[in-house]
Amino acid sequence: MTAPITIPGEDQIRGVMLASVSTDSIEDSLDVLYTQGSVIIGLVMIFLTIVAVFAADRVVRPLHQIAATIENVSAGYSDDVLHVDTFTETKSISEAINKMMGRLKLLDDSREEFVSNVSHELKTPMTSMKVLADSLLEQENLPVEMYQEFMGDIAKEIDRENKIITDLLSLVKMDKKGQTLNIESININELLEQILKRLKPIAEKKNVEIVMESFRPVTAEIDETKLSLAISNLVENAVKYNHDNGWVHVSLNADHKFFYVKVEDSGIGIPKEDQAHVFERFFRVDKSHSREIGGTGLGLAIARNAVIAHRGAIKVYSEEGEGTTFTVRIPLIYTAS
Ligand SMILES: Nc1ncnc2c1ncn2[C@@H]1O[C@H](COP(=O)(O)OP(=O)(O)OP(=O)(O)O)[C@@H](O)[C@H]1O
Ligand SMILES: [Mg+2]
């Protein structure tokens, strides 16, 4: 390296300074830096790869756990509960899956209960018929009256079996999603009169008085068969679970949007704790007492399904020992979903 030598204040250059330094040591340092640098970079990369593998494993493991539980559910072990709380996201996924599995389990339980109830209900009349038929077969020279009496009992059991099957079929039909209602414009006052006329003979047997009160003429868009079934079940119950010489009041009213049918009775009433369950299939309040009266516990389930199919609502109000009121609210104009 060279540099001119001047005296301050003068323009002339007095001499030249020459300096020379060897760059070997710098090159050596650079070599060292290059080799050590690549080792450090290599180590850092290996370290980062290891960290990445562990991190990925930590992220993927909860997902594997979730997948394994879902596999278990598909394989039929549905009691597993997921607790994958590693990350907020996996926590919310596992909570959602638990909720879904809870719902599936509920559906599965109710399906099992339904099948076992159906089998039981269908078996009971069969068992009675078998006992009756066997006792006729085992004894010889029975008087004709005995035959007639036993055959009469067998015929009653056949009727019972028939009713259960018909009820079950109407329930299953109404359960189907997208069921088609046969909607027509119907005079509801006339419809109620017809239903009550059909049930009067049963009421007369218990000397129960049925009174109908219409506040206004009502015409609505309904499926006549299905809604008649619902109202008939309500009035039939009001007579069945009534005292001798009791009364049943049926009233019809409407506003600009809905019509309202109220079925009120002076009967035995429904205990508070059972009121929420009366619409469940096969639910009967007092099994022994209800068995005497006869029935399967499907009537109100059918009634509710029919009302819901019309986008309506059904409610029960009751005081034990005093009586029961069922109210039904149905839109005047049917709107398909
Ligand atoms: N008006 C009522 N008063 C008192 N209890 C009632 C009344 N209506 C229904 N219940 C109770 O609710 C239960 C369920 O009624 P639901 O009509 O579904 O079945 P059910 O009458 O026993 O049999 P069915 O299938 O023949 O109608 C009845 O067993 C009865 O205990
Ligand atoms: Mg009933």
# chains A, B, ... in the order shown; residues from 1 in each chain; ligands from 1

call {"tool": "residues_near_ligand", "arguments": {"ligand": "ligand 2", "cutoff": "10 Å", "atoms": "only C-alpha atoms and all ligand atoms", "output": "ChimeraX atom specification"}}
result
/A:230,232-241,278,284,294-303

call {"tool": "residues_around", "arguments": {"residues": "range 118-130 of chain A", "least_positions_apart": "2", "cutoff": "9 Å", "atoms": "only C-alpha atoms", "output": "compact mmCIF listing (two decimals) with N, CA, C and O atoms, in the first residue's frame"}}
result
# COMPACT_ATOMS: atom_id res chain seq x y z
N GLU A 113 -84.07 -49.90 22.96
CA GLU A 113 -85.21 -49.94 23.87
C GLU A 113 -86.50 -50.15 23.07
O GLU A 113 -87.37 -50.93 23.46
N PHE A 114 -86.58 -49.46 21.92
CA PHE A 114 -87.77 -49.57 21.08
C PHE A 114 -87.96 -51.02 20.61
O PHE A 114 -89.04 -51.58 20.73
N VAL A 115 -86.87 -51.61 20.12
CA VAL A 115 -86.97 -52.99 19.62
C VAL A 115 -87.37 -53.93 20.76
O VAL A 115 -88.24 -54.80 20.58
N SER A 116 -86.78 -53.74 21.95
CA SER A 116 -87.12 -54.67 23.03
C SER A 116 -88.56 -54.46 23.49
O SER A 116 -89.27 -55.41 23.80
N LEU A 132 -104.14 -70.07 26.38
CA LEU A 132 -105.57 -70.37 26.18
C LEU A 132 -105.75 -71.59 25.28
O LEU A 132 -106.53 -72.50 25.58
N ALA A 133 -105.00 -71.61 24.16
CA ALA A 133 -105.13 -72.73 23.21
C ALA A 133 -104.68 -74.04 23.86
O ALA A 133 -105.35 -75.07 23.72
N ASP A 134 -103.56 -73.98 24.61
CA ASP A 134 -103.05 -75.19 25.26
C ASP A 134 -104.06 -75.76 26.24
O ASP A 134 -104.29 -76.97 26.29
N SER A 135 -104.67 -74.86 27.01
CA SER A 135 -105.61 -75.39 28.02
C SER A 135 -106.84 -76.01 27.35
O SER A 135 -107.43 -76.97 27.89
N ASP A 153 -111.70 -65.10 24.28
CA ASP A 153 -110.48 -64.49 24.84
C ASP A 153 -109.37 -64.45 23.79
O ASP A 153 -108.64 -63.47 23.68
N ILE A 154 -109.27 -65.55 23.03
CA ILE A 154 -108.23 -65.60 21.98
C ILE A 154 -108.50 -64.50 20.95
O ILE A 154 -107.58 -63.79 20.53
N ALA A 155 -109.76 -64.33 20.59
CA ALA A 155 -110.11 -63.30 19.60
C ALA A 155 -109.71 -61.92 20.12
O ALA A 155 -109.21 -61.07 19.37
N LYS A 156 -109.92 -61.68 21.46
CA LYS A 156 -109.55 -60.38 22.04
C LYS A 156 -108.05 -60.15 21.94
O LYS A 156 -107.59 -59.04 21.64
N GLU A 157 -107.31 -61.22 22.21
CA GLU A 157 -105.84 -61.09 22.14
C GLU A 157 -105.39 -60.81 20.70
O GLU A 157 -104.45 -60.06 20.47
N ILE A 158 -106.08 -61.42 19.73
CA ILE A 158 -105.74 -61.17 18.32
C ILE A 158 -106.01 -59.69 17.99
O ILE A 158 -105.20 -59.03 17.34
N ARG A 160 -105.89 -57.24 20.05
CA ARG A 160 -104.85 -56.46 20.73
C ARG A 160 -103.57 -56.45 19.88
O ARG A 160 -102.97 -55.40 19.64
N GLU A 161 -103.20 -57.66 19.43
CA GLU A 161 -101.99 -57.78 18.61
C GLU A 161 -102.13 -56.92 17.34
O GLU A 161 -101.21 -56.22 16.94
N ILE A 164 -101.68 -53.22 18.11
CA ILE A 164 -100.28 -52.86 18.33
C ILE A 164 -99.55 -52.74 16.99
O ILE A 164 -98.82 -51.77 16.74
N ILE A 165 -99.79 -53.71 16.11
CA ILE A 165 -99.11 -53.69 14.80
C ILE A 165 -99.54 -52.47 13.99
O ILE A 165 -98.71 -51.75 13.43
N LEU A 168 -97.90 -49.42 15.49
CA LEU A 168 -96.47 -49.38 15.17
C LEU A 168 -96.24 -48.94 13.74
O LEU A 168 -95.37 -48.13 13.46
N PHE A 282 -94.44 -46.32 24.27
CA PHE A 282 -94.64 -47.39 25.26
C PHE A 282 -94.68 -46.90 26.70
O PHE A 282 -94.70 -47.68 27.62
N THR A 296 -101.22 -49.72 24.86
CA THR A 296 -99.82 -50.05 24.61
C THR A 296 -98.87 -48.92 24.96
O THR A 296 -97.66 -49.12 25.07

call {"tool": "closest_residue", "arguments": {"among": "A:Ile268, A:Val328, A:His310, A:Thr180", "to": "Val250 in chain A", "atoms": "only C-alpha atoms"}}
result
A:Val328

call {"tool": "residues_around", "arguments": {"residues": "range 244-248 of chain A", "least_positions_apart": "4", "cutoff": "6 Å", "atoms": "only C-alpha atoms", "output": "ChimeraX atom specification"}}
result
/A:206-210,264-266

call {"tool": "closest_residue", "arguments": {"among": "A:Arg281, A:Thr69, A:Val316, A:Phe87", "to": "Asp167 in chain A", "atoms": "only C-alpha atoms"}}
result
A:Arg281

call {"tool": "atom_distance", "arguments": {"atom1": "CA of Val81 in chain A", "atom2": "CA of Arg103 in chain A"}}
result
12.8 Å

call {"tool": "closest_residue", "arguments": {"among": "A:Ala67, A:Glu319, A:Leu106, A:Leu169", "to": "Ile93 in chain A", "atoms": "only C-alpha atoms"}}
result
A:Ala67

call {"tool": "residues_around", "arguments": {"residues": "Met1 in chain A", "least_positions_apart": "3", "cutoff": "8 Å", "atoms": "only C-alpha atoms", "output": "number ranges by chain"}}
result
A: 18-20

call {"tool": "write_last_selection", "arguments": {"atoms": "all heavy atoms", "output": "mmCIF file, in the first residue's frame"}}
result
data_model
loop_
_atom_site.group_PDB
_atom_site.id
_atom_site.type_symbol
_atom_site.label_atom_id
_atom_site.label_comp_id
_atom_site.auth_asym_id
_atom_site.auth_seq_id
_atom_site.Cartn_x
_atom_site.Cartn_y
_atom_site.Cartn_z
ATOM 1 N N LEU A 18 5.592 3.801 1.876
ATOM 2 C CA LEU A 18 5.256 2.496 1.300
ATOM 3 C C LEU A 18 5.100 1.502 2.442
ATOM 4 O O LEU A 18 5.990 1.362 3.286
ATOM 5 C CB LEU A 18 6.407 2.080 0.381
ATOM 6 C CG LEU A 18 6.087 1.279 -0.867
ATOM 7 C CD1 LEU A 18 7.208 1.490 -1.891
ATOM 8 C CD2 LEU A 18 5.953 -0.185 -0.562
ATOM 9 N N ALA A 19 3.943 0.839 2.542
ATOM 10 C CA ALA A 19 3.730 -0.169 3.612
ATOM 11 C C ALA A 19 3.272 -1.476 2.985
ATOM 12 O O ALA A 19 2.458 -1.480 2.056
ATOM 13 C CB ALA A 19 2.654 0.320 4.569
ATOM 14 N N SER A 20 3.857 -2.578 3.448
ATOM 15 C CA SER A 20 3.399 -3.860 2.899
ATOM 16 C C SER A 20 3.146 -4.835 4.040
ATOM 17 O O SER A 20 3.923 -4.897 5.007
ATOM 18 C CB SER A 20 4.425 -4.400 1.896
ATOM 19 O OG SER A 20 5.412 -5.131 2.542
#

call {"tool": "select_by_dssp", "arguments": {"residues": "range 168-322 of chain A", "states": "alpha helix (DSSP H)", "output": "JSON, numbers by chain"}}
result
{"A": [168, 169, 170, 171, 172, 173, 174, 175, 188, 189, 190, 191, 192, 193, 194, 195, 196, 197, 198, 199, 200, 201, 202, 203, 204, 205, 224, 225, 226, 227, 228, 229, 230, 231, 232, 233, 234, 235, 236, 237, 238, 239, 240, 272, 273, 274, 275, 287, 288, 289, 290, 291, 292, 293, 299, 300, 301, 302, 303, 304, 305, 306, 307, 308, 309]}

call {"tool": "residues_around", "arguments": {"residues": "Val263 in chain A", "least_positions_apart": "5", "cutoff": "6 Å", "atoms": "only C-alpha atoms", "output": "mmCIF file with C-alpha atoms, in the first residue's frame"}}
result
data_model
loop_
_atom_site.group_PDB
_atom_site.id
_atom_site.type_symbol
_atom_site.label_atom_id
_atom_site.label_comp_id
_atom_site.auth_asym_id
_atom_site.auth_seq_id
_atom_site.Cartn_x
_atom_site.Cartn_y
_atom_site.Cartn_z
ATOM 1 C CA HIS A 249 -114.847 -31.255 27.264
ATOM 2 C CA VAL A 250 -113.539 -30.736 23.745
ATOM 3 C CA THR A 325 -105.969 -31.148 29.678
ATOM 4 C CA PHE A 326 -104.235 -31.658 26.360
#

call {"tool": "closest_residue", "arguments": {"among": "A:Ser170, A:Pro331, A:Lys200, A:Gly323", "to": "Asp255 in chain A", "atoms": "only C-alpha atoms"}}
result
A:Pro331

call {"tool": "closest_residue", "arguments": {"among": "A:Lys205, A:His64, A:Arg111, A:Lys262", "to": "ligand 1", "atoms": "only C-alpha atoms and all ligand atoms"}}
result
A:Lys262

call {"tool": "closest_residue", "arguments": {"among": "A:Ala306, A:Val53, A:Leu107, A:Val285", "to": "ligand 1", "atoms": "only C-alpha atoms and all ligand atoms"}}
result
A:Val285

call {"tool": "select_by_dssp", "arguments": {"residues": "range 142-303 of chain A", "states": "strand (DSSP E or B)", "output": "PyMOL selection string"}}
result
chain A and resi 183-187+209-214+219-223+247-254+258-265

call {"tool": "residues_around", "arguments": {"residues": "range 214-220 of chain A", "least_positions_apart": "6", "cutoff": "7 Å", "atoms": "only C-alpha atoms", "output": "MDAnalysis selection string"}}
result
chainID A and resid 185:189 251:254 332:333
